[in-house]
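input_17.txt follows; it contains compact mmCIF, C-alpha atoms and all ligand atoms.
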```txt
# COMPACT_ATOMS: atom_id res chain seq x y z
CA MET C 1 10.37 21.13 8.79
CA THR C 2 11.59 21.09 5.18
CA ASN C 3 11.96 17.91 3.10
CA TYR C 4 15.74 18.20 3.53
CA GLU C 5 15.40 18.37 7.31
CA ALA C 6 13.09 15.37 7.07
CA VAL C 7 16.05 13.35 5.69
CA TYR C 8 17.61 13.65 9.16
CA ASN C 9 14.39 13.07 11.11
CA ARG C 10 12.73 10.26 9.15
CA THR C 11 12.66 6.74 10.50
CA SER C 12 10.51 3.75 9.56
CA VAL C 13 7.34 3.79 11.67
CA ARG C 14 5.73 0.39 12.23
CA LYS C 15 3.02 1.24 14.79
CA PHE C 16 0.28 3.67 13.91
CA LYS C 17 -2.65 5.29 15.65
CA SER C 18 -6.05 4.57 14.18
CA GLU C 19 -6.62 8.27 13.54
CA LEU C 20 -7.82 10.21 10.52
CA ILE C 21 -5.58 12.75 8.81
CA PRO C 22 -7.56 15.96 8.03
CA ALA C 23 -8.96 16.33 4.50
CA GLU C 24 -7.19 19.70 4.17
CA PHE C 25 -3.83 17.94 4.48
CA PHE C 26 -4.71 15.65 1.55
CA ARG C 27 -5.68 18.69 -0.56
CA GLN C 28 -2.21 20.19 0.08
CA MET C 29 -0.58 16.84 -0.54
CA ASN C 30 -2.29 16.46 -3.91
CA LYS C 31 -0.79 19.81 -4.94
CA PHE C 32 2.61 18.54 -3.81
CA LEU C 33 2.13 15.35 -5.87
CA GLU C 34 1.32 17.42 -8.96
CA GLY C 35 4.62 19.33 -8.61
CA LEU C 36 6.92 16.31 -8.14
CA SER C 37 10.16 16.19 -10.13
CA PRO C 38 10.68 12.84 -11.86
CA LEU C 39 14.05 11.27 -12.58
CA TYR C 40 12.84 10.33 -16.08
CA PRO C 41 10.20 12.72 -17.48
CA LYS C 42 9.24 10.14 -20.15
CA ILE C 43 8.18 7.41 -17.70
CA GLY C 44 4.60 8.12 -16.65
CA TRP C 45 3.69 7.73 -12.98
CA LYS C 46 0.75 8.01 -10.65
CA PHE C 47 0.25 7.83 -6.90
CA VAL C 48 -2.89 6.32 -5.38
CA LEU C 49 -3.63 6.87 -1.67
CA PHE C 50 -6.23 5.03 0.29
CA ASN C 51 -7.70 4.80 3.74
CA ALA C 52 -7.42 1.25 5.07
CA MET C 53 -9.08 1.77 8.43
CA ASP C 54 -12.27 -0.05 7.46
CA ASP C 55 -10.71 -2.67 5.25
CA GLU C 56 -7.86 -4.78 6.58
CA GLY C 57 -7.79 -6.95 3.47
CA CYS C 58 -6.77 -4.15 1.11
CA THR C 59 -3.11 -5.22 1.00
CA LYS C 60 -1.42 -8.62 0.78
CA GLY C 61 2.18 -9.82 1.10
CA VAL C 62 4.97 -10.39 3.60
CA PHE C 63 6.52 -8.08 6.28
CA ARG C 64 3.42 -5.92 6.12
CA VAL C 65 2.78 -3.17 8.62
CA LYS C 66 -0.81 -2.44 9.62
CA ALA C 67 -1.51 1.22 8.96
CA PRO C 68 -4.50 3.56 8.57
CA TYR C 69 -3.37 4.68 5.09
CA TYR C 70 -1.34 3.35 2.19
CA LEU C 71 0.30 5.08 -0.72
CA VAL C 72 0.90 3.14 -3.94
CA CYS C 73 3.36 4.26 -6.62
CA TYR C 74 2.55 3.16 -10.17
CA THR C 75 4.73 3.71 -13.22
CA GLN C 76 4.69 2.72 -16.85
CA GLU C 77 6.78 -0.25 -17.95
CA ASP C 78 10.41 0.74 -18.53
CA GLU C 79 13.86 -0.64 -17.71
CA ASN C 80 14.23 2.26 -15.24
CA ALA C 81 10.72 1.96 -13.78
CA TYR C 82 11.93 1.10 -10.25
CA LEU C 83 14.57 3.84 -10.17
CA GLN C 84 11.85 6.29 -11.17
CA ALA C 85 9.49 4.91 -8.48
CA GLY C 86 12.09 5.13 -5.69
CA TYR C 87 13.05 8.67 -6.70
CA LEU C 88 9.43 9.88 -6.71
CA THR C 89 8.21 7.94 -3.66
CA GLU C 90 11.03 9.18 -1.44
CA GLN C 91 9.98 12.78 -2.18
CA VAL C 92 6.49 11.91 -0.92
CA VAL C 93 7.83 10.03 2.12
CA LEU C 94 9.92 13.06 3.11
CA TYR C 95 6.92 15.36 2.56
CA LEU C 96 4.83 13.18 4.91
CA THR C 97 7.66 13.14 7.49
CA SER C 98 7.97 16.92 7.31
CA HIS C 99 4.26 17.12 8.23
CA GLY C 100 4.61 14.86 11.27
CA ILE C 101 3.27 11.74 9.53
CA GLY C 102 5.01 8.39 9.95
CA THR C 103 5.83 6.12 6.99
CA CYS C 104 7.16 2.65 6.26
CA TYR C 105 8.04 1.24 2.81
CA GLN C 106 6.37 -2.13 2.20
CA GLY C 107 8.63 -4.01 -0.18
CA GLY C 108 6.72 -7.30 0.01
CA ALA C 109 3.21 -5.83 -0.20
CA LYS C 110 0.71 -5.41 -2.99
CA ALA C 111 -2.35 -3.19 -2.75
CA LEU C 112 -5.57 -4.86 -3.84
CA LEU C 113 -7.28 -2.06 -5.75
CA GLU C 114 -10.22 -2.44 -8.09
CA ASP C 115 -9.29 0.45 -10.37
CA GLU C 116 -5.65 0.52 -11.31
CA PRO C 117 -4.20 3.28 -13.55
CA GLU C 118 -4.23 2.03 -17.13
CA GLY C 119 -0.91 0.91 -18.62
CA MET C 120 0.91 1.12 -15.30
CA GLN C 121 2.15 -1.35 -12.70
CA GLN C 122 2.50 -1.11 -8.95
CA ARG C 123 6.11 -0.52 -7.98
CA ILE C 124 5.99 0.09 -4.21
CA VAL C 125 3.51 0.47 -1.37
CA VAL C 126 4.13 2.78 1.63
CA ALA C 127 2.20 2.52 4.91
CA PHE C 128 1.50 5.88 6.54
CA GLY C 129 -0.39 7.63 9.32
CA TYR C 130 0.17 9.23 12.71
CA ALA C 131 2.78 7.29 14.67
CA GLU C 132 1.95 5.53 17.91
CA GLY C 133 4.82 7.02 19.90
CA GLU C 134 7.73 9.06 18.60
CA PRO C 135 7.37 9.86 14.85
CA TYR C 136 11.00 10.93 14.37
CA ARG C 137 14.39 9.30 14.61
CA LYS C 138 16.16 9.73 17.94
CA ALA C 139 19.39 11.72 17.51
CA GLY C 140 22.38 9.40 16.95
CA SER C 141 20.26 6.25 16.56
CA VAL C 142 20.78 5.66 12.84
CA LYS C 143 22.17 2.29 11.68
CA ARG C 144 24.21 2.87 8.54
CA LEU C 145 27.60 1.91 7.11
CA PRO C 146 30.34 4.48 7.71
CA ILE C 147 30.96 6.83 4.76
CA LYS C 148 34.41 5.34 4.16
CA GLU C 149 32.84 1.94 3.41
CA THR C 150 30.53 3.27 0.70
CA CYS C 151 32.71 5.97 -0.91
CA ILE C 152 35.97 6.00 -2.82
CA PHE C 153 37.48 9.49 -2.73
CA LYS C 154 39.65 10.32 -5.75
CA GLU C 155 40.25 13.80 -4.28
CA ASP C 156 39.42 15.39 -0.93
CA PRO C 157 35.66 16.09 -0.90
CA THR C 158 34.46 19.68 -0.75
CA PRO C 159 32.34 20.65 2.31
CA GLU C 160 29.25 20.52 0.04
CA GLU C 161 30.13 17.03 -1.21
CA SER C 162 30.54 15.83 2.39
CA MET C 163 27.08 17.17 3.24
CA ILE C 164 25.53 15.61 0.13
CA LEU C 165 27.07 12.22 0.99
CA ALA C 166 25.94 12.51 4.62
CA ALA C 167 22.33 12.95 3.43
CA ALA C 168 22.69 10.05 0.97
CA ARG C 169 23.90 7.80 3.80
CA LEU C 170 20.58 8.26 5.64
CA ALA C 171 18.46 6.95 2.78
CA PRO C 172 16.17 4.07 3.73
CA SER C 173 16.70 0.78 1.88
CA SER C 174 15.11 -2.66 1.83
CA VAL C 175 16.33 -4.62 4.89
CA ASN C 176 18.74 -1.72 5.34
CA ASN C 177 21.04 -3.26 2.71
CA GLN C 178 22.41 0.16 1.58
CA PRO C 179 23.45 -1.00 -1.92
CA TRP C 180 24.81 2.42 -2.99
CA ARG C 181 28.50 3.02 -3.58
CA PHE C 182 30.04 6.35 -4.65
CA VAL C 183 33.21 7.35 -6.48
CA VAL C 184 33.80 10.98 -5.58
CA TYR C 185 35.69 13.60 -7.60
CA GLN C 186 35.70 17.37 -7.14
CA ASN C 187 33.03 18.03 -9.72
CA ARG C 188 31.10 14.76 -9.87
CA ILE C 189 29.94 11.79 -7.86
CA HIS C 190 29.57 8.53 -9.79
CA VAL C 191 26.86 6.33 -8.29
CA PHE C 192 27.16 2.53 -8.33
CA CYS C 193 24.98 -0.28 -7.03
CA ARG C 194 26.37 -3.23 -5.10
CA GLU C 195 25.06 -6.46 -6.61
CA ASN C 196 25.70 -8.96 -3.81
CA VAL C 197 24.27 -7.63 -0.60
CA LEU C 198 25.33 -9.16 2.67
CA THR C 199 21.90 -9.56 4.22
CA LYS C 200 20.15 -12.73 5.35
CA ILE C 201 17.00 -11.85 3.41
CA LYS C 202 17.42 -11.89 -0.36
CA VAL C 203 17.07 -8.44 -1.89
CA THR C 204 15.56 -8.57 -5.39
CA ARG C 205 16.78 -6.47 -8.31
CA GLU C 206 13.53 -4.47 -8.12
CA MET C 207 14.11 -3.61 -4.45
CA ARG C 208 17.73 -2.62 -5.11
CA GLU C 209 16.61 -0.33 -7.92
CA LEU C 210 14.01 1.26 -5.65
CA ASP C 211 16.78 1.79 -3.06
CA MET C 212 18.96 3.41 -5.71
CA GLY C 213 16.12 5.74 -6.80
CA ILE C 214 15.70 6.73 -3.16
CA VAL C 215 19.38 7.57 -2.70
CA LEU C 216 19.39 9.59 -5.96
CA CYS C 217 16.50 11.61 -4.50
CA HIS C 218 18.58 12.35 -1.38
CA LEU C 219 21.51 13.48 -3.56
CA MET C 220 19.39 15.92 -5.57
CA LEU C 221 17.49 17.22 -2.55
CA SER C 222 20.78 18.05 -0.81
CA CYS C 223 22.07 19.87 -3.90
CA GLU C 224 18.91 22.00 -3.95
CA GLU C 225 19.25 22.74 -0.23
CA LEU C 226 22.92 23.76 -0.58
CA TRP C 227 22.30 25.78 -3.76
CA VAL C 228 24.65 23.47 -5.63
CA ASP C 229 23.85 23.50 -9.34
CA ALA C 230 23.98 19.85 -10.37
CA GLU C 231 22.26 17.27 -12.54
CA LEU C 232 21.97 13.49 -12.61
CA VAL C 233 23.17 12.06 -15.91
CA PHE C 234 23.82 8.63 -17.34
CA LEU C 235 27.34 8.63 -18.82
CA GLU C 236 27.48 6.25 -21.80
CA GLN C 237 31.23 5.73 -21.31
CA LEU C 238 30.50 4.21 -17.88
CA ALA C 239 27.51 2.08 -19.02
CA GLY C 240 27.96 -1.53 -17.95
CA ARG C 241 31.11 -0.60 -15.97
CA SER C 242 31.54 -2.57 -12.80
CA VAL C 243 33.91 -1.60 -9.99
CA LYS C 244 34.53 -4.46 -7.52
CA GLY C 245 31.10 -6.00 -8.19
CA ASN C 246 29.30 -2.65 -8.19
CA THR C 247 27.35 -1.71 -11.33
CA TYR C 248 27.24 1.84 -12.65
CA VAL C 249 23.89 3.65 -12.19
CA MET C 250 24.28 7.41 -12.83
CA SER C 251 26.55 10.39 -12.11
CA LEU C 252 25.83 13.57 -10.20
CA MET C 253 27.60 16.29 -12.21
CA PHE C 254 28.24 19.67 -10.60
CA ARG C 255 28.02 22.61 -12.97
CA GLU C 256 30.72 25.31 -12.66
C1 LIG C 301 12.27 -0.47 -0.92
C2 LIG C 301 12.09 -0.70 0.57
C3 LIG C 301 11.31 -1.76 1.02
C4 LIG C 301 11.11 -1.95 2.40
N1 LIG C 301 10.28 -2.97 2.80
C5 LIG C 301 9.96 -3.08 4.13
C6 LIG C 301 9.00 -4.05 4.55
O1 LIG C 301 8.46 -4.82 3.76
N2 LIG C 301 8.66 -4.09 5.88
C7 LIG C 301 9.27 -3.25 6.79
O2 LIG C 301 8.93 -3.34 7.98
N3 LIG C 301 10.20 -2.33 6.41
C8 LIG C 301 10.55 -2.22 5.11
N4 LIG C 301 11.45 -1.27 4.69
C9 LIG C 301 12.07 -0.36 5.68
C10 LIG C 301 13.57 -0.70 5.88
O3 LIG C 301 13.69 -1.88 6.67
C11 LIG C 301 14.24 0.50 6.57
O4 LIG C 301 14.16 1.61 5.71
C12 LIG C 301 15.69 0.26 6.92
O5 LIG C 301 15.81 -0.77 7.86
C13 LIG C 301 16.35 1.53 7.50
O6 LIG C 301 15.69 1.99 8.65
P1 LIG C 301 15.02 3.43 8.71
O7 LIG C 301 14.00 3.52 7.60
O8 LIG C 301 14.40 3.51 10.07
O9 LIG C 301 16.11 4.47 8.51
C14 LIG C 301 11.71 -1.08 3.35
C15 LIG C 301 12.51 -0.01 2.87
C16 LIG C 301 12.68 0.18 1.50
C17 LIG C 301 13.47 1.36 1.03
```
Translate this structure into structure tokens?
Amino acid sequence: MTNYEAVYNRTSVRKFKSELIPAEFFRQMNKFLEGLSPLYPKIGWKFVLFNAMDDEGCTKGVFRVKAPYYLVCYTQEDENAYLQAGYLTEQVVLYLTSHGIGTCYQGGAKALLEDEPEGMQQRIVVAFGYAEGEPYRKAGSVKRLPIKETCIFKEDPTPEESMILAAARLAPSSVNNQPWRFVVYQNRIHVFCRENVLTKIKVTREMRELDMGIVLCHLMLSCEELWVDAELVFLEQLAGRSVKGNTYVMSLMFRE
């Protein structure tokens, strides 16, 4: 399974087997981590993985899932730190899914580690391990808003744009709040973030920014899969622009 295929198969796993993952897998995974593409090359990042099987007290926080392993994403301080963390962590989550390993983002959790990378802060924790039961999403079982509720089409989308938006729709988000909104033209997709989410549990700005980083990862991964030459850029002329309570984040620009 490729990382793109994993977009369609991933689901949050909340029950794990108490089973070790082979050391060889972690060697391969470390190579994958070294080759990650960041959203912002200037914001330093680091992933720390740990085995929690012998130490239940190694995480704290709410809505935690008990798992054999946890992954912690650290980044340097920056106004885009959480976008960067979501973008990077989703690549790792999809890599784990593609290797048959279940994952669940832990928005309310903190890892209690003795040695933290210098000059960096924890942005998100992910529980992972072999799933107890089915590791993949059952076909047709996804709970997401219909495309027409999250996209404004200024022109008819191309077949590639429709596929890119279908993959974006499947992105995981905190309490499934799906804050992303898109304005779609023939050669670009402007990405906005909905500020007031209609969920019972309050979603913090940090969580929304993680969600937005995750959806940006799905956009770029789909472009790579479809051989669409595109880049994510921040258009100054749209900075601070708000469309119906949705704040501008970035634009996916297709090159001719
Ligand atoms: C940033 C973020 C934080 C999350 N925090 C939690 C959490 O604390 N506990 C939990 O059980 N699930 C958490 N989730 C998982 C979401 O509830 C889940 O992704 C969403 O409901 C969509 O379901 P799916 O992942 O199965 O597609 C989180 C997801 C994201 C992206």
Hey, what's within 12 Å of Thr247 of chain C if we count all atoms listed in the file and toss same-chain stuff fewer than 3 positions away? As a PDB file with C-alpha atoms, in the frame of the given file, please?
```
ATOM      1  CA  PRO C 179      23.450  -1.000  -1.920  1.00  0.00           C
ATOM      2  CA  TRP C 180      24.810   2.420  -2.990  1.00  0.00           C
ATOM      3  CA  ARG C 181      28.500   3.020  -3.580  1.00  0.00           C
ATOM      4  CA  PHE C 182      30.040   6.350  -4.650  1.00  0.00           C
ATOM      5  CA  VAL C 183      33.210   7.350  -6.480  1.00  0.00           C
ATOM      6  CA  HIS C 190      29.570   8.530  -9.790  1.00  0.00           C
ATOM      7  CA  VAL C 191      26.860   6.330  -8.290  1.00  0.00           C
ATOM      8  CA  PHE C 192      27.160   2.530  -8.330  1.00  0.00           C
ATOM      9  CA  CYS C 193      24.980  -0.280  -7.030  1.00  0.00           C
ATOM     10  CA  ARG C 194      26.370  -3.230  -5.100  1.00  0.00           C
ATOM     11  CA  GLU C 195      25.060  -6.460  -6.610  1.00  0.00           C
ATOM     12  CA  ASN C 196      25.700  -8.960  -3.810  1.00  0.00           C
ATOM     13  CA  ARG C 205      16.780  -6.470  -8.310  1.00  0.00           C
ATOM     14  CA  ARG C 208      17.730  -2.620  -5.110  1.00  0.00           C
ATOM     15  CA  GLU C 209      16.610  -0.330  -7.920  1.00  0.00           C
ATOM     16  CA  MET C 212      18.960   3.410  -5.710  1.00  0.00           C
ATOM     17  CA  LEU C 238      30.500   4.210 -17.880  1.00  0.00           C
ATOM     18  CA  ALA C 239      27.510   2.080 -19.020  1.00  0.00           C
ATOM     19  CA  GLY C 240      27.960  -1.530 -17.950  1.00  0.00           C
ATOM     20  CA  ARG C 241      31.110  -0.600 -15.970  1.00  0.00           C
ATOM     21  CA  SER C 242      31.540  -2.570 -12.800  1.00  0.00           C
ATOM     22  CA  VAL C 243      33.910  -1.600  -9.990  1.00  0.00           C
ATOM     23  CA  LYS C 244      34.530  -4.460  -7.520  1.00  0.00           C
ATOM     24  CA  MET C 250      24.280   7.410 -12.830  1.00  0.00           C
TER      25      MET C 250
END
```
Self-check item: ligand LIG 301 (chain C) neighbours within 8 Å using all atoms listed in the file, as a PyMOL selection string
Solution: chain C and resi 10-14+62-65+86+104-109+124+137+142-143+170-177+207-208+210-211+214
Exercise. Please provide as a PyMOL selection string all residues within 8 Å of segment 36-51 of chain C, with the sequence filter that same-chain residues fewer than 4 positions apart are discarded (counting all atoms listed in the file).
Key: chain C and resi 32+68-78+81+83-85+87-88+91+117+120
Quiz prompt | Pick from C:Val184, C:Val233, C:Met253, C:Leu96, whichever lies nearest to Pro135 of chain C using all atoms listed in the file | solution =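 Once distances to Pro135 of chain C are computed over all atoms listed in the file, the minimum belongs to C:Leu96.
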Exercise. Please identify all polymer residues within 9 Å of segment 21-28 of chain C, counting only C-alpha atoms, omitting same-chain residues fewer than 4 positions from it, and present them as a list in words.
Key: Phe32, Leu33, His99, Ile101, Gly129 and Tyr130 of chain C
Saved selection, atoms kept: C-alpha atoms, as a compact mmCIF listing (two decimals), in the frame of the given file:
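Listing of selection18.txt after writing:
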```txt
# COMPACT_ATOMS: atom_id res chain seq x y z
CA PHE C 32 2.61 18.54 -3.81
CA LEU C 33 2.13 15.35 -5.87
CA HIS C 99 4.26 17.12 8.23
CA ILE C 101 3.27 11.74 9.53
CA GLY C 129 -0.39 7.63 9.32
CA TYR C 130 0.17 9.23 12.71
```
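Our summary of the geometry notes that atom CA of Tyr8 of chain C is positioned 24.7 Å from atom CA of Tyr185 of chain C.
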Quiz item: Suppose you want the space between atom CA of Leu252 of chain C and atom CA of Ile189 of chain C; what is it in Å?
Solution: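 Result for atom CA of Leu252 of chain C versus atom CA of Ile189 of chain C: 5.1 Å, one decimal.
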Exercise. Provide the atom CA of Ala167 of chain C to atom CA of Ser222 of chain C distance in Å, to one decimal place.
Key: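 Distance between the two atoms: 6.8 Å.
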As a short mmCIF file (atom, residue, chain, number, x, y, z; two decimals), in the coordinates of the input, could you write out segment 218-242 of chain C once it has been completed with N, CA and C atoms?
```
data_model
loop_
_atom_site.label_atom_id
_atom_site.label_comp_id
_atom_site.auth_asym_id
_atom_site.auth_seq_id
_atom_site.Cartn_x
_atom_site.Cartn_y
_atom_site.Cartn_z
N HIS C 218 17.87 11.65 -2.46
CA HIS C 218 18.58 12.35 -1.38
C HIS C 218 19.73 13.20 -1.93
N LEU C 219 20.40 12.71 -2.97
CA LEU C 219 21.51 13.48 -3.56
C LEU C 219 20.99 14.80 -4.13
N MET C 220 19.91 14.71 -4.91
CA MET C 220 19.39 15.92 -5.57
C MET C 220 18.79 16.90 -4.58
N LEU C 221 18.11 16.36 -3.57
CA LEU C 221 17.49 17.22 -2.55
C LEU C 221 18.57 18.01 -1.81
N SER C 222 19.69 17.36 -1.51
CA SER C 222 20.78 18.05 -0.81
C SER C 222 21.38 19.13 -1.69
N CYS C 223 21.52 18.85 -2.99
CA CYS C 223 22.07 19.87 -3.90
C CYS C 223 21.18 21.10 -3.89
N GLU C 224 19.85 20.87 -3.95
CA GLU C 224 18.91 22.00 -3.95
C GLU C 224 19.07 22.79 -2.66
N GLU C 225 19.16 22.09 -1.54
CA GLU C 225 19.25 22.74 -0.23
C GLU C 225 20.52 23.59 -0.14
N LEU C 226 21.62 23.08 -0.71
CA LEU C 226 22.92 23.76 -0.58
C LEU C 226 23.17 24.72 -1.73
N TRP C 227 22.18 24.91 -2.59
CA TRP C 227 22.30 25.78 -3.76
C TRP C 227 23.45 25.32 -4.66
N VAL C 228 23.64 24.02 -4.74
CA VAL C 228 24.65 23.47 -5.63
C VAL C 228 23.95 23.14 -6.94
N ASP C 229 24.46 23.73 -8.04
CA ASP C 229 23.85 23.50 -9.34
C ASP C 229 24.38 22.17 -9.90
N ALA C 230 23.52 21.18 -9.96
CA ALA C 230 23.98 19.85 -10.37
C ALA C 230 22.88 19.12 -11.12
N GLU C 231 23.28 18.10 -11.89
CA GLU C 231 22.26 17.27 -12.54
C GLU C 231 22.70 15.80 -12.51
N LEU C 232 21.70 14.92 -12.56
CA LEU C 232 21.97 13.49 -12.61
C LEU C 232 21.98 13.08 -14.07
N VAL C 233 23.09 12.48 -14.51
CA VAL C 233 23.17 12.06 -15.91
C VAL C 233 23.70 10.64 -16.00
N PHE C 234 23.33 9.98 -17.09
CA PHE C 234 23.82 8.63 -17.34
C PHE C 234 24.96 8.77 -18.35
N LEU C 235 26.18 8.47 -17.93
CA LEU C 235 27.34 8.63 -18.82
C LEU C 235 27.56 7.33 -19.61
N GLU C 236 27.38 7.45 -20.95
CA GLU C 236 27.48 6.25 -21.80
C GLU C 236 28.83 5.55 -21.62
N GLN C 237 29.90 6.37 -21.41
CA GLN C 237 31.23 5.73 -21.31
C GLN C 237 31.37 4.87 -20.05
N LEU C 238 30.44 5.05 -19.09
CA LEU C 238 30.50 4.21 -17.88
C LEU C 238 29.44 3.11 -17.91
N ALA C 239 28.60 3.08 -18.94
CA ALA C 239 27.51 2.08 -19.02
C ALA C 239 28.09 0.67 -18.92
N GLY C 240 27.51 -0.13 -18.09
CA GLY C 240 27.96 -1.53 -17.95
C GLY C 240 29.25 -1.67 -17.16
N ARG C 241 29.85 -0.52 -16.75
CA ARG C 241 31.11 -0.60 -15.97
C ARG C 241 30.84 -1.13 -14.58
N SER C 242 31.70 -2.00 -14.13
CA SER C 242 31.54 -2.57 -12.80
C SER C 242 32.84 -2.35 -12.03
#
```
